[in-house]
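Engineer: My structure is in data.cif, and what it holds is mmCIF, N, CA, C and O atoms:
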```cif
data_target
#
loop_
_atom_site.label_atom_id
_atom_site.label_comp_id
_atom_site.auth_asym_id
_atom_site.auth_seq_id
_atom_site.Cartn_x
_atom_site.Cartn_y
_atom_site.Cartn_z
N MET A 1 121.34 128.19 36.78
CA MET A 1 121.56 127.09 37.68
C MET A 1 122.59 127.51 38.72
O MET A 1 123.67 127.95 38.39
N SER A 2 122.23 127.37 39.98
CA SER A 2 123.16 127.76 41.04
C SER A 2 123.67 126.51 41.74
O SER A 2 122.98 125.51 41.86
N THR A 3 124.90 126.58 42.21
CA THR A 3 125.51 125.45 42.93
C THR A 3 125.42 125.71 44.42
O THR A 3 125.54 126.85 44.87
N PRO A 4 125.19 124.67 45.21
CA PRO A 4 125.11 124.88 46.65
C PRO A 4 126.46 125.31 47.22
O PRO A 4 127.51 124.88 46.76
N SER A 5 126.40 126.15 48.21
CA SER A 5 127.62 126.66 48.84
C SER A 5 128.27 125.57 49.69
O SER A 5 127.60 124.83 50.39
N ARG A 6 129.56 125.49 49.63
CA ARG A 6 130.29 124.51 50.43
C ARG A 6 130.83 125.13 51.72
O ARG A 6 131.48 124.47 52.50
N LEU A 7 130.57 126.38 51.93
CA LEU A 7 131.05 127.04 53.14
C LEU A 7 130.15 126.67 54.32
O LEU A 7 128.94 126.51 54.16
N PRO A 8 130.74 126.55 55.52
CA PRO A 8 129.91 126.24 56.69
C PRO A 8 129.00 127.40 57.03
O PRO A 8 129.28 128.55 56.69
N GLU A 9 127.90 127.09 57.71
CA GLU A 9 126.98 128.14 58.12
C GLU A 9 127.66 129.04 59.14
O GLU A 9 128.46 128.57 59.95
N PRO A 10 127.34 130.32 59.12
CA PRO A 10 127.92 131.22 60.12
C PRO A 10 127.54 130.79 61.53
O PRO A 10 126.51 130.16 61.74
N TYR A 11 128.39 131.12 62.49
CA TYR A 11 128.16 130.75 63.89
C TYR A 11 126.82 131.29 64.36
O TYR A 11 126.46 132.42 64.09
N GLY A 12 126.07 130.44 65.06
CA GLY A 12 124.81 130.87 65.63
C GLY A 12 123.61 130.59 64.75
O GLY A 12 122.50 130.84 65.14
N GLN A 13 123.81 130.06 63.57
CA GLN A 13 122.68 129.76 62.68
C GLN A 13 122.46 128.26 62.61
O GLN A 13 123.24 127.54 62.00
N GLY A 14 121.43 127.77 63.27
CA GLY A 14 121.05 126.37 63.15
C GLY A 14 121.77 125.43 64.08
O GLY A 14 121.16 124.53 64.63
N GLY A 15 123.06 125.59 64.29
CA GLY A 15 123.82 124.64 65.10
C GLY A 15 123.78 124.92 66.59
O GLY A 15 124.13 124.08 67.39
N GLY A 16 123.35 126.11 66.99
CA GLY A 16 123.37 126.49 68.40
C GLY A 16 122.50 125.61 69.26
O GLY A 16 122.90 125.17 70.33
N SER A 17 121.30 125.34 68.81
CA SER A 17 120.41 124.51 69.62
C SER A 17 120.91 123.08 69.67
O SER A 17 120.77 122.39 70.67
N ASN A 18 121.50 122.59 68.58
CA ASN A 18 122.05 121.23 68.57
C ASN A 18 123.20 121.11 69.55
O ASN A 18 123.31 120.12 70.26
N LEU A 19 124.07 122.09 69.57
CA LEU A 19 125.20 122.09 70.50
C LEU A 19 124.71 122.12 71.94
O LEU A 19 125.22 121.39 72.79
N ALA A 20 123.70 122.94 72.21
CA ALA A 20 123.14 123.01 73.56
C ALA A 20 122.52 121.69 73.96
O ALA A 20 122.68 121.22 75.09
N ASP A 21 121.84 121.03 73.03
CA ASP A 21 121.25 119.72 73.32
C ASP A 21 122.31 118.67 73.61
O ASP A 21 122.19 117.88 74.54
N ILE A 22 123.36 118.68 72.81
CA ILE A 22 124.46 117.72 73.01
C ILE A 22 125.12 117.97 74.36
O ILE A 22 125.39 117.04 75.11
N LEU A 23 125.39 119.23 74.66
CA LEU A 23 126.03 119.56 75.94
C LEU A 23 125.15 119.14 77.11
O LEU A 23 125.63 118.59 78.10
N GLU A 24 123.85 119.37 77.00
CA GLU A 24 122.93 118.97 78.07
C GLU A 24 122.95 117.45 78.26
O GLU A 24 122.99 116.96 79.38
N ARG A 25 122.96 116.72 77.17
CA ARG A 25 123.00 115.25 77.27
C ARG A 25 124.29 114.77 77.89
O ARG A 25 124.30 113.87 78.72
N VAL A 26 125.41 115.35 77.46
CA VAL A 26 126.72 114.95 77.99
C VAL A 26 126.79 115.21 79.48
O VAL A 26 127.22 114.37 80.27
N LEU A 27 126.35 116.41 79.91
CA LEU A 27 126.40 116.74 81.33
C LEU A 27 125.44 115.88 82.13
O LEU A 27 125.70 115.54 83.28
N ASP A 28 124.31 115.54 81.53
CA ASP A 28 123.32 114.71 82.23
C ASP A 28 123.79 113.27 82.38
O ASP A 28 123.67 112.67 83.43
N LYS A 29 124.35 112.72 81.33
CA LYS A 29 124.78 111.31 81.34
C LYS A 29 126.23 111.16 81.78
O LYS A 29 126.60 110.18 82.40
N GLY A 30 127.06 112.10 81.42
CA GLY A 30 128.48 112.02 81.71
C GLY A 30 129.20 111.32 80.57
O GLY A 30 128.62 110.50 79.85
N ILE A 31 130.47 111.64 80.40
CA ILE A 31 131.28 111.00 79.37
C ILE A 31 132.68 110.83 79.93
O ILE A 31 133.19 111.68 80.65
N VAL A 32 133.29 109.70 79.63
CA VAL A 32 134.65 109.42 80.10
C VAL A 32 135.54 109.23 78.87
O VAL A 32 135.18 108.49 77.96
N ILE A 33 136.65 109.92 78.88
CA ILE A 33 137.65 109.76 77.82
C ILE A 33 138.91 109.28 78.51
O ILE A 33 139.41 109.91 79.44
N ALA A 34 139.41 108.13 78.08
CA ALA A 34 140.58 107.55 78.72
C ALA A 34 141.61 107.17 77.66
O ALA A 34 141.25 106.76 76.55
N GLY A 35 142.85 107.29 78.00
CA GLY A 35 143.90 106.90 77.07
C GLY A 35 145.24 106.78 77.78
O GLY A 35 145.46 107.37 78.82
N ASP A 36 146.10 105.97 77.23
CA ASP A 36 147.45 105.78 77.76
C ASP A 36 148.45 106.09 76.66
O ASP A 36 148.25 105.73 75.51
N ILE A 37 149.54 106.73 77.07
CA ILE A 37 150.64 106.98 76.15
C ILE A 37 151.86 106.29 76.74
O ILE A 37 152.22 106.53 77.90
N ARG A 38 152.46 105.41 75.96
CA ARG A 38 153.65 104.70 76.43
C ARG A 38 154.80 104.94 75.45
O ARG A 38 154.61 104.84 74.25
N ILE A 39 155.95 105.20 76.01
CA ILE A 39 157.14 105.38 75.19
C ILE A 39 158.12 104.29 75.58
O ILE A 39 158.56 104.20 76.73
N ASN A 40 158.43 103.43 74.61
CA ASN A 40 159.36 102.32 74.83
C ASN A 40 160.57 102.48 73.94
O ASN A 40 160.48 102.97 72.82
N LEU A 41 161.71 102.02 74.44
CA LEU A 41 162.94 101.98 73.65
C LEU A 41 163.54 100.60 73.84
O LEU A 41 163.91 100.23 74.97
N LEU A 42 163.61 99.84 72.77
CA LEU A 42 164.15 98.47 72.82
C LEU A 42 163.44 97.63 73.89
O LEU A 42 164.08 97.00 74.72
N ASP A 43 162.13 97.67 73.88
CA ASP A 43 161.28 96.93 74.83
C ASP A 43 161.49 97.34 76.29
O ASP A 43 161.18 96.59 77.20
N ILE A 44 162.04 98.52 76.52
CA ILE A 44 162.17 99.06 77.88
C ILE A 44 161.23 100.25 77.97
O ILE A 44 161.33 101.20 77.19
N GLU A 45 160.33 100.18 78.93
CA GLU A 45 159.37 101.25 79.08
C GLU A 45 160.05 102.46 79.72
O GLU A 45 160.54 102.39 80.84
N LEU A 46 160.07 103.56 79.00
CA LEU A 46 160.71 104.78 79.50
C LEU A 46 159.71 105.72 80.17
O LEU A 46 160.03 106.37 81.15
N LEU A 47 158.50 105.78 79.62
CA LEU A 47 157.53 106.74 80.12
C LEU A 47 156.12 106.23 79.86
O LEU A 47 155.83 105.70 78.79
N THR A 48 155.27 106.35 80.87
CA THR A 48 153.86 106.03 80.71
C THR A 48 153.04 107.20 81.24
O THR A 48 153.27 107.66 82.35
N ILE A 49 152.14 107.67 80.42
CA ILE A 49 151.24 108.75 80.83
C ILE A 49 149.82 108.22 80.71
O ILE A 49 149.42 107.77 79.64
N LYS A 50 149.10 108.27 81.80
CA LYS A 50 147.70 107.83 81.79
C LYS A 50 146.82 109.06 81.84
O LYS A 50 146.95 109.88 82.75
N LEU A 51 145.95 109.19 80.87
CA LEU A 51 145.06 110.34 80.79
C LEU A 51 143.63 109.88 81.03
O LEU A 51 143.17 108.92 80.43
N ARG A 52 142.93 110.57 81.91
CA ARG A 52 141.53 110.28 82.20
C ARG A 52 140.80 111.61 82.27
O ARG A 52 141.22 112.52 82.99
N LEU A 53 139.73 111.73 81.54
CA LEU A 53 138.94 112.95 81.53
C LEU A 53 137.47 112.57 81.70
O LEU A 53 136.96 111.72 80.98
N ILE A 54 136.83 113.17 82.67
CA ILE A 54 135.41 112.94 82.89
C ILE A 54 134.70 114.28 82.74
O ILE A 54 135.07 115.26 83.38
N VAL A 55 133.71 114.31 81.88
CA VAL A 55 132.89 115.50 81.70
C VAL A 55 131.49 115.14 82.15
O VAL A 55 130.86 114.25 81.58
N ALA A 56 131.02 115.80 83.20
CA ALA A 56 129.69 115.52 83.74
C ALA A 56 129.25 116.70 84.59
O ALA A 56 130.07 117.53 84.99
N SER A 57 127.97 116.75 84.88
CA SER A 57 127.47 117.78 85.79
C SER A 57 127.90 117.43 87.21
O SER A 57 128.28 116.29 87.49
N VAL A 58 127.84 118.38 88.10
CA VAL A 58 128.21 118.14 89.50
C VAL A 58 127.32 117.06 90.10
O VAL A 58 127.80 116.17 90.80
N ASP A 59 126.03 117.13 89.82
CA ASP A 59 125.11 116.12 90.36
C ASP A 59 125.46 114.72 89.86
O ASP A 59 125.46 113.77 90.64
N LYS A 60 125.77 114.59 88.58
CA LYS A 60 126.11 113.29 88.01
C LYS A 60 127.44 112.80 88.60
O LYS A 60 127.59 111.62 88.90
N ALA A 61 128.39 113.71 88.77
CA ALA A 61 129.68 113.33 89.35
C ALA A 61 129.49 112.82 90.78
O ALA A 61 130.07 111.79 91.16
N LYS A 62 128.67 113.50 91.57
CA LYS A 62 128.40 113.05 92.94
C LYS A 62 127.71 111.68 92.92
O LYS A 62 128.00 110.83 93.75
N GLU A 63 126.83 111.48 91.96
CA GLU A 63 126.14 110.20 91.81
C GLU A 63 127.14 109.08 91.54
O GLU A 63 126.96 107.95 91.99
N MET A 64 128.22 109.41 90.80
CA MET A 64 129.25 108.43 90.49
C MET A 64 130.27 108.28 91.63
O MET A 64 131.19 107.48 91.54
N GLY A 65 130.12 109.09 92.68
CA GLY A 65 131.04 109.00 93.82
C GLY A 65 132.25 109.91 93.70
O GLY A 65 133.23 109.74 94.42
N ILE A 66 132.20 110.86 92.80
CA ILE A 66 133.31 111.79 92.61
C ILE A 66 132.94 113.11 93.27
O ILE A 66 132.00 113.78 92.84
N ASP A 67 133.66 113.47 94.33
CA ASP A 67 133.37 114.72 95.03
C ASP A 67 134.62 115.34 95.65
O ASP A 67 134.59 115.96 96.68
N TRP A 68 135.75 115.19 94.98
CA TRP A 68 137.03 115.64 95.52
C TRP A 68 137.05 117.14 95.76
O TRP A 68 137.77 117.63 96.63
N TRP A 69 136.28 117.91 95.03
CA TRP A 69 136.28 119.37 95.19
C TRP A 69 135.70 119.80 96.53
O TRP A 69 135.98 120.89 97.00
N GLU A 70 134.90 118.93 97.16
CA GLU A 70 134.31 119.29 98.45
C GLU A 70 135.35 119.31 99.57
O GLU A 70 135.17 119.97 100.58
N ASP A 71 136.46 118.57 99.40
CA ASP A 71 137.51 118.52 100.41
C ASP A 71 138.72 119.37 100.05
O ASP A 71 139.70 119.38 100.79
N ASP A 72 138.67 120.06 98.94
CA ASP A 72 139.78 120.89 98.50
C ASP A 72 139.58 122.31 99.02
O ASP A 72 138.64 122.99 98.62
N PRO A 73 140.46 122.78 99.93
CA PRO A 73 140.29 124.12 100.51
C PRO A 73 140.30 125.24 99.47
O PRO A 73 139.73 126.30 99.70
N ALA A 74 140.93 125.02 98.34
CA ALA A 74 140.96 126.05 97.30
C ALA A 74 139.62 126.18 96.58
O ALA A 74 139.34 127.20 95.98
N LEU A 75 138.78 125.13 96.68
CA LEU A 75 137.51 125.13 95.94
C LEU A 75 136.28 125.15 96.84
O LEU A 75 135.20 125.42 96.36
N SER A 76 136.44 124.84 98.12
CA SER A 76 135.29 124.71 99.00
C SER A 76 135.48 125.56 100.25
O SER A 76 136.49 125.42 100.95
N THR A 77 134.51 126.42 100.56
CA THR A 77 134.62 127.24 101.76
C THR A 77 134.49 126.38 103.01
O THR A 77 135.14 126.66 104.02
N ARG A 78 133.70 125.31 102.95
CA ARG A 78 133.56 124.42 104.10
C ARG A 78 134.90 123.73 104.40
O ARG A 78 135.34 123.67 105.54
N ALA A 79 135.57 123.27 103.35
CA ALA A 79 136.87 122.62 103.53
C ALA A 79 137.90 123.61 104.07
O ALA A 79 138.72 123.26 104.91
N ARG A 80 137.85 124.85 103.60
CA ARG A 80 138.78 125.88 104.09
C ARG A 80 138.52 126.18 105.56
O ARG A 80 139.46 126.30 106.34
N ARG A 81 137.23 126.28 105.95
CA ARG A 81 136.91 126.51 107.37
C ARG A 81 137.39 125.35 108.22
O ARG A 81 137.94 125.56 109.30
N ASP A 82 137.18 124.12 107.74
CA ASP A 82 137.63 122.95 108.49
C ASP A 82 139.14 122.96 108.66
O ASP A 82 139.67 122.65 109.73
N GLU A 83 139.85 123.32 107.59
CA GLU A 83 141.31 123.37 107.66
C GLU A 83 141.77 124.44 108.64
O GLU A 83 142.68 124.22 109.44
N LEU A 84 141.14 125.61 108.62
CA LEU A 84 141.50 126.68 109.55
C LEU A 84 141.19 126.30 110.99
O LEU A 84 141.97 126.60 111.90
N ALA A 85 140.06 125.64 111.22
CA ALA A 85 139.70 125.20 112.57
C ALA A 85 140.71 124.17 113.08
O ALA A 85 141.13 124.21 114.24
N ARG A 86 141.13 123.26 112.21
CA ARG A 86 142.12 122.24 112.59
C ARG A 86 143.46 122.90 112.91
O ARG A 86 144.10 122.59 113.91
N GLU A 87 143.87 123.86 112.08
CA GLU A 87 145.12 124.57 112.31
C GLU A 87 145.05 125.39 113.60
O GLU A 87 146.00 125.41 114.38
N ASN A 88 143.92 126.03 113.86
CA ASN A 88 143.71 126.82 115.07
C ASN A 88 143.83 125.93 116.31
O ASN A 88 144.50 126.29 117.29
N ALA A 89 143.18 124.77 116.29
CA ALA A 89 143.23 123.85 117.43
C ALA A 89 144.66 123.37 117.67
O ALA A 89 145.12 123.29 118.81
N GLU A 90 145.37 123.08 116.58
CA GLU A 90 146.76 122.63 116.71
C GLU A 90 147.63 123.72 117.32
O GLU A 90 148.45 123.44 118.21
N LEU A 91 147.45 124.95 116.88
CA LEU A 91 148.24 126.06 117.43
C LEU A 91 147.91 126.31 118.90
O LEU A 91 148.81 126.61 119.70
N ARG A 92 146.64 126.17 119.28
CA ARG A 92 146.26 126.34 120.69
C ARG A 92 146.91 125.26 121.56
O ARG A 92 147.38 125.55 122.66
N GLU A 93 146.95 124.02 121.06
CA GLU A 93 147.59 122.94 121.81
C GLU A 93 149.08 123.21 121.99
O GLU A 93 149.64 123.02 123.08
N ARG A 94 149.73 123.67 120.92
CA ARG A 94 151.16 123.97 121.01
C ARG A 94 151.42 125.10 122.00
O ARG A 94 152.37 125.04 122.79
N LEU A 95 150.58 126.13 121.96
CA LEU A 95 150.73 127.25 122.88
C LEU A 95 150.54 126.79 124.33
O LEU A 95 151.30 127.19 125.22
N GLU A 96 149.57 125.94 124.54
CA GLU A 96 149.31 125.42 125.89
C GLU A 96 150.51 124.62 126.41
O GLU A 96 150.92 124.77 127.56
N ARG A 97 151.09 123.80 125.54
CA ARG A 97 152.28 123.03 125.96
C ARG A 97 153.45 123.94 126.28
O ARG A 97 154.18 123.72 127.23
N LEU A 98 153.64 124.98 125.47
CA LEU A 98 154.73 125.93 125.73
C LEU A 98 154.52 126.68 127.04
O LEU A 98 155.47 126.90 127.79
N GLU A 99 153.28 127.05 127.31
CA GLU A 99 152.99 127.75 128.56
C GLU A 99 153.23 126.85 129.76
O GLU A 99 153.65 127.32 130.82
N GLN A 100 152.99 125.58 129.62
CA GLN A 100 153.23 124.65 130.72
C GLN A 100 154.72 124.43 130.96
O GLN A 100 155.15 124.22 132.09
N LEU A 101 155.53 124.53 129.92
CA LEU A 101 156.97 124.33 130.06
C LEU A 101 157.66 125.54 130.68
O LEU A 101 158.61 125.40 131.44
N GLU A 102 157.21 126.74 130.39
CA GLU A 102 157.86 127.95 130.86
C GLU A 102 157.07 128.53 132.04
O GLU A 102 155.89 128.82 131.92
N PRO A 103 157.73 128.72 133.16
CA PRO A 103 157.03 129.33 134.30
C PRO A 103 156.67 130.78 134.00
O PRO A 103 157.34 131.46 133.23
N THR A 104 155.62 131.27 134.62
CA THR A 104 155.18 132.65 134.38
C THR A 104 156.16 133.62 135.02
O THR A 104 156.97 133.26 135.88
N ARG A 105 156.09 134.90 134.69
CA ARG A 105 156.99 135.92 135.22
C ARG A 105 156.83 136.09 136.72
O ARG A 105 157.80 136.29 137.43
N THR A 106 155.61 136.01 137.19
CA THR A 106 155.40 136.20 138.64
C THR A 106 156.07 135.08 139.41
O THR A 106 156.60 135.31 140.51
N GLU A 107 156.06 133.87 138.89
CA GLU A 107 156.74 132.77 139.56
C GLU A 107 158.25 132.99 139.57
O GLU A 107 158.93 132.70 140.54
N LYS A 108 158.80 133.55 138.50
CA LYS A 108 160.23 133.81 138.41
C LYS A 108 160.63 134.91 139.38
O LYS A 108 161.67 134.86 140.03
N GLU A 109 159.81 135.97 139.49
CA GLU A 109 160.13 137.10 140.35
C GLU A 109 160.08 136.73 141.82
O GLU A 109 160.81 137.26 142.64
N SER A 110 159.20 135.81 142.20
CA SER A 110 159.09 135.44 143.60
C SER A 110 160.24 134.53 144.04
O SER A 110 160.48 134.37 145.23
N SER A 111 160.96 133.93 143.11
CA SER A 111 162.05 133.05 143.52
C SER A 111 163.36 133.73 143.60
O SER A 111 163.65 134.80 143.54
#
```
As structure tokens, please, write out the structure in this file.

Structural biologist:
Amino acid sequence: MSTPSRLPEPYGQGGGSNLADILERVLDKGIVIAGDIRINLLDIELLTIKLRLIVASVDKAKEMGIDWWEDDPALSTRARRDELARENAELRERLERLEQLEPTRTEKESS
């Protein structure tokens, strides 16, 4: 008579497809985990930490109206180009104003 083993199955045997299915469902539907941590001393609130975690696919996040990464220059090449173009235009305006304030060398030499 043999007793069943109580050890978990080795990684990759049987549970892999279940994990992939669960991950696919989570990314397709999205999941929100929210929680608050409050530290009080004698009914005086000293610290509040609000934690929010959303796990979803990019498409699902966009569907929910979450697209902050598109405007972050560190994550989006379009946002980085826009930021550089804005900075370039600002620098050109500043240069133009400085050139208008200072007379050119030829004007100085003729006087």

Engineer: Please measure the separation of atom CA of Lys50 of chain A and atom CA of Asp36 of chain A, giving the value in Å to one decimal.

Structural biologist: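 Going from atom CA of Lys50 of chain A over to atom CA of Asp36 of chain A covers 4.5 Å.
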
Engineer: Which polymer residues have any atom within 7 Å of an atom of Leu27 of chain A, counting only C-alpha atoms, with same-chain residues fewer than 5 positions away left out, as a PyMOL selection string?

Structural biologist: chain A and resi 55-57

Engineer: Could you tell me how far atom N of Asn88 of chain A lies from atom O of Pro73 of chain A, in Å and to one decimal?

Structural biologist: 14.8 Å

Engineer: Hey, can you check how far atom CA of Glu93 of chain A sits from atom N of Leu75 of chain A?

Structural biologist: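 Atom N of Leu75 of chain A lies 26.7 Å from atom CA of Glu93 of chain A.
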
Engineer: Just list as a tab-separated table (two decimals) with N, CA, C and O atoms, in the frame of the given file whatever in segment 25-105 of chain A DSSP marks as helix (DSSP H, G or I).

Structural biologist:
```tsv
chain	number	residue	atom	x	y	z
A	25	ARG	N	122.96	116.72	77.17
A	25	ARG	CA	123.00	115.25	77.27
A	25	ARG	C	124.29	114.77	77.89
A	25	ARG	O	124.30	113.87	78.72
A	26	VAL	N	125.41	115.35	77.46
A	26	VAL	CA	126.72	114.95	77.99
A	26	VAL	C	126.79	115.21	79.48
A	26	VAL	O	127.22	114.37	80.27
A	27	LEU	N	126.35	116.41	79.91
A	27	LEU	CA	126.40	116.74	81.33
A	27	LEU	C	125.44	115.88	82.13
A	27	LEU	O	125.70	115.54	83.28
A	28	ASP	N	124.31	115.54	81.53
A	28	ASP	CA	123.32	114.71	82.23
A	28	ASP	C	123.79	113.27	82.38
A	28	ASP	O	123.67	112.67	83.43
A	29	LYS	N	124.35	112.72	81.33
A	29	LYS	CA	124.78	111.31	81.34
A	29	LYS	C	126.23	111.16	81.78
A	29	LYS	O	126.60	110.18	82.40
A	58	VAL	N	127.84	118.38	88.10
A	58	VAL	CA	128.21	118.14	89.50
A	58	VAL	C	127.32	117.06	90.10
A	58	VAL	O	127.80	116.17	90.80
A	59	ASP	N	126.03	117.13	89.82
A	59	ASP	CA	125.11	116.12	90.36
A	59	ASP	C	125.46	114.72	89.86
A	59	ASP	O	125.46	113.77	90.64
A	60	LYS	N	125.77	114.59	88.58
A	60	LYS	CA	126.11	113.29	88.01
A	60	LYS	C	127.44	112.80	88.60
A	60	LYS	O	127.59	111.62	88.90
A	61	ALA	N	128.39	113.71	88.77
A	61	ALA	CA	129.68	113.33	89.35
A	61	ALA	C	129.49	112.82	90.78
A	61	ALA	O	130.07	111.79	91.16
A	62	LYS	N	128.67	113.50	91.57
A	62	LYS	CA	128.40	113.05	92.94
A	62	LYS	C	127.71	111.68	92.92
A	62	LYS	O	128.00	110.83	93.75
A	63	GLU	N	126.83	111.48	91.96
A	63	GLU	CA	126.14	110.20	91.81
A	63	GLU	C	127.14	109.08	91.54
A	63	GLU	O	126.96	107.95	91.99
A	68	TRP	N	135.75	115.19	94.98
A	68	TRP	CA	137.03	115.64	95.52
A	68	TRP	C	137.05	117.14	95.76
A	68	TRP	O	137.77	117.63	96.63
A	69	TRP	N	136.28	117.91	95.03
A	69	TRP	CA	136.28	119.37	95.19
A	69	TRP	C	135.70	119.80	96.53
A	69	TRP	O	135.98	120.89	97.00
A	70	GLU	N	134.90	118.93	97.16
A	70	GLU	CA	134.31	119.29	98.45
A	70	GLU	C	135.35	119.31	99.57
A	70	GLU	O	135.17	119.97	100.58
A	71	ASP	N	136.46	118.57	99.40
A	71	ASP	CA	137.51	118.52	100.41
A	71	ASP	C	138.72	119.37	100.05
A	71	ASP	O	139.70	119.38	100.79
A	77	THR	N	134.51	126.42	100.56
A	77	THR	CA	134.62	127.24	101.76
A	77	THR	C	134.49	126.38	103.01
A	77	THR	O	135.14	126.66	104.02
A	78	ARG	N	133.70	125.31	102.95
A	78	ARG	CA	133.56	124.42	104.10
A	78	ARG	C	134.90	123.73	104.40
A	78	ARG	O	135.34	123.67	105.54
A	79	ALA	N	135.57	123.27	103.35
A	79	ALA	CA	136.87	122.62	103.53
A	79	ALA	C	137.90	123.61	104.07
A	79	ALA	O	138.72	123.26	104.91
A	80	ARG	N	137.85	124.85	103.60
A	80	ARG	CA	138.78	125.88	104.09
A	80	ARG	C	138.52	126.18	105.56
A	80	ARG	O	139.46	126.30	106.34
A	81	ARG	N	137.23	126.28	105.95
A	81	ARG	CA	136.91	126.51	107.37
A	81	ARG	C	137.39	125.35	108.22
A	81	ARG	O	137.94	125.56	109.30
A	82	ASP	N	137.18	124.12	107.74
A	82	ASP	CA	137.63	122.95	108.49
A	82	ASP	C	139.14	122.96	108.66
A	82	ASP	O	139.67	122.65	109.73
A	83	GLU	N	139.85	123.32	107.59
A	83	GLU	CA	141.31	123.37	107.66
A	83	GLU	C	141.77	124.44	108.64
A	83	GLU	O	142.68	124.22	109.44
A	84	LEU	N	141.14	125.61	108.62
A	84	LEU	CA	141.50	126.68	109.55
A	84	LEU	C	141.19	126.30	110.99
A	84	LEU	O	141.97	126.60	111.90
A	85	ALA	N	140.06	125.64	111.22
A	85	ALA	CA	139.70	125.20	112.57
A	85	ALA	C	140.71	124.17	113.08
A	85	ALA	O	141.13	124.21	114.24
A	86	ARG	N	141.13	123.26	112.21
A	86	ARG	CA	142.12	122.24	112.59
A	86	ARG	C	143.46	122.90	112.91
A	86	ARG	O	144.10	122.59	113.91
A	87	GLU	N	143.87	123.86	112.08
A	87	GLU	CA	145.12	124.57	112.31
A	87	GLU	C	145.05	125.39	113.60
A	87	GLU	O	146.00	125.41	114.38
A	88	ASN	N	143.92	126.03	113.86
A	88	ASN	CA	143.71	126.82	115.07
A	88	ASN	C	143.83	125.93	116.31
A	88	ASN	O	144.50	126.29	117.29
A	89	ALA	N	143.18	124.77	116.29
A	89	ALA	CA	143.23	123.85	117.43
A	89	ALA	C	144.66	123.37	117.67
A	89	ALA	O	145.12	123.29	118.81
A	90	GLU	N	145.37	123.08	116.58
A	90	GLU	CA	146.76	122.63	116.71
A	90	GLU	C	147.63	123.72	117.32
A	90	GLU	O	148.45	123.44	118.21
A	91	LEU	N	147.45	124.95	116.88
A	91	LEU	CA	148.24	126.06	117.43
A	91	LEU	C	147.91	126.31	118.90
A	91	LEU	O	148.81	126.61	119.70
A	92	ARG	N	146.64	126.17	119.28
A	92	ARG	CA	146.26	126.34	120.69
A	92	ARG	C	146.91	125.26	121.56
A	92	ARG	O	147.38	125.55	122.66
A	93	GLU	N	146.95	124.02	121.06
A	93	GLU	CA	147.59	122.94	121.81
A	93	GLU	C	149.08	123.21	121.99
A	93	GLU	O	149.64	123.02	123.08
A	94	ARG	N	149.73	123.67	120.92
A	94	ARG	CA	151.16	123.97	121.01
A	94	ARG	C	151.42	125.10	122.00
A	94	ARG	O	152.37	125.04	122.79
A	95	LEU	N	150.58	126.13	121.96
A	95	LEU	CA	150.73	127.25	122.88
A	95	LEU	C	150.54	126.79	124.33
A	95	LEU	O	151.30	127.19	125.22
A	96	GLU	N	149.57	125.94	124.54
A	96	GLU	CA	149.31	125.42	125.89
A	96	GLU	C	150.51	124.62	126.41
A	96	GLU	O	150.92	124.77	127.56
A	97	ARG	N	151.09	123.80	125.54
A	97	ARG	CA	152.28	123.03	125.96
A	97	ARG	C	153.45	123.94	126.28
A	97	ARG	O	154.18	123.72	127.23
A	98	LEU	N	153.64	124.98	125.47
A	98	LEU	CA	154.73	125.93	125.73
A	98	LEU	C	154.52	126.68	127.04
A	98	LEU	O	155.47	126.90	127.79
A	99	GLU	N	153.28	127.05	127.31
A	99	GLU	CA	152.99	127.75	128.56
A	99	GLU	C	153.23	126.85	129.76
A	99	GLU	O	153.65	127.32	130.82
A	100	GLN	N	152.99	125.58	129.62
A	100	GLN	CA	153.23	124.65	130.72
A	100	GLN	C	154.72	124.43	130.96
A	100	GLN	O	155.15	124.22	132.09
A	101	LEU	N	155.53	124.53	129.92
A	101	LEU	CA	156.97	124.33	130.06
A	101	LEU	C	157.66	125.54	130.68
A	101	LEU	O	158.61	125.40	131.44
A	105	ARG	N	156.09	134.90	134.69
A	105	ARG	CA	156.99	135.92	135.22
A	105	ARG	C	156.83	136.09	136.72
A	105	ARG	O	157.80	136.29	137.43
```

Engineer: Pick out the residues sitting within 12 Å of Ala34 of chain A, and hand them over as a ChimeraX atom specification; count only C-alpha atoms, and ignore anything fewer than 2 positions along from it in its own chain.

Structural biologist: /A:31-32,36-37,49-55

Engineer: Which residues fall under the PyMOL selection byres (((chain A and resi 28 and name CA) around 9) and name CA) in this file, as a ChimeraX atom specification?

Structural biologist: /A:23-27,29-30,56-57,59-60

Engineer: Name all residues at most 6 Å from Leu47 of chain A (count all atoms listed in the file; drop same-chain ones fewer than 5 positions away) and give them as an mmCIF file with N, CA, C and O atoms, in the coordinates of the input.

Structural biologist:
```cif
data_model
loop_
_atom_site.group_PDB
_atom_site.id
_atom_site.type_symbol
_atom_site.label_atom_id
_atom_site.label_comp_id
_atom_site.auth_asym_id
_atom_site.auth_seq_id
_atom_site.Cartn_x
_atom_site.Cartn_y
_atom_site.Cartn_z
ATOM 1 N N ILE A 37 149.540 106.730 77.070
ATOM 2 C CA ILE A 37 150.640 106.980 76.150
ATOM 3 C C ILE A 37 151.860 106.290 76.740
ATOM 4 O O ILE A 37 152.220 106.530 77.900
ATOM 5 N N ARG A 38 152.460 105.410 75.960
ATOM 6 C CA ARG A 38 153.650 104.700 76.430
ATOM 7 C C ARG A 38 154.800 104.940 75.450
ATOM 8 O O ARG A 38 154.610 104.840 74.250
ATOM 9 N N ILE A 39 155.950 105.200 76.010
ATOM 10 C CA ILE A 39 157.140 105.380 75.190
ATOM 11 C C ILE A 39 158.120 104.290 75.580
ATOM 12 O O ILE A 39 158.560 104.200 76.730
ATOM 13 N N ASN A 40 158.430 103.430 74.610
ATOM 14 C CA ASN A 40 159.360 102.320 74.830
ATOM 15 C C ASN A 40 160.570 102.480 73.940
ATOM 16 O O ASN A 40 160.480 102.970 72.820
#
```
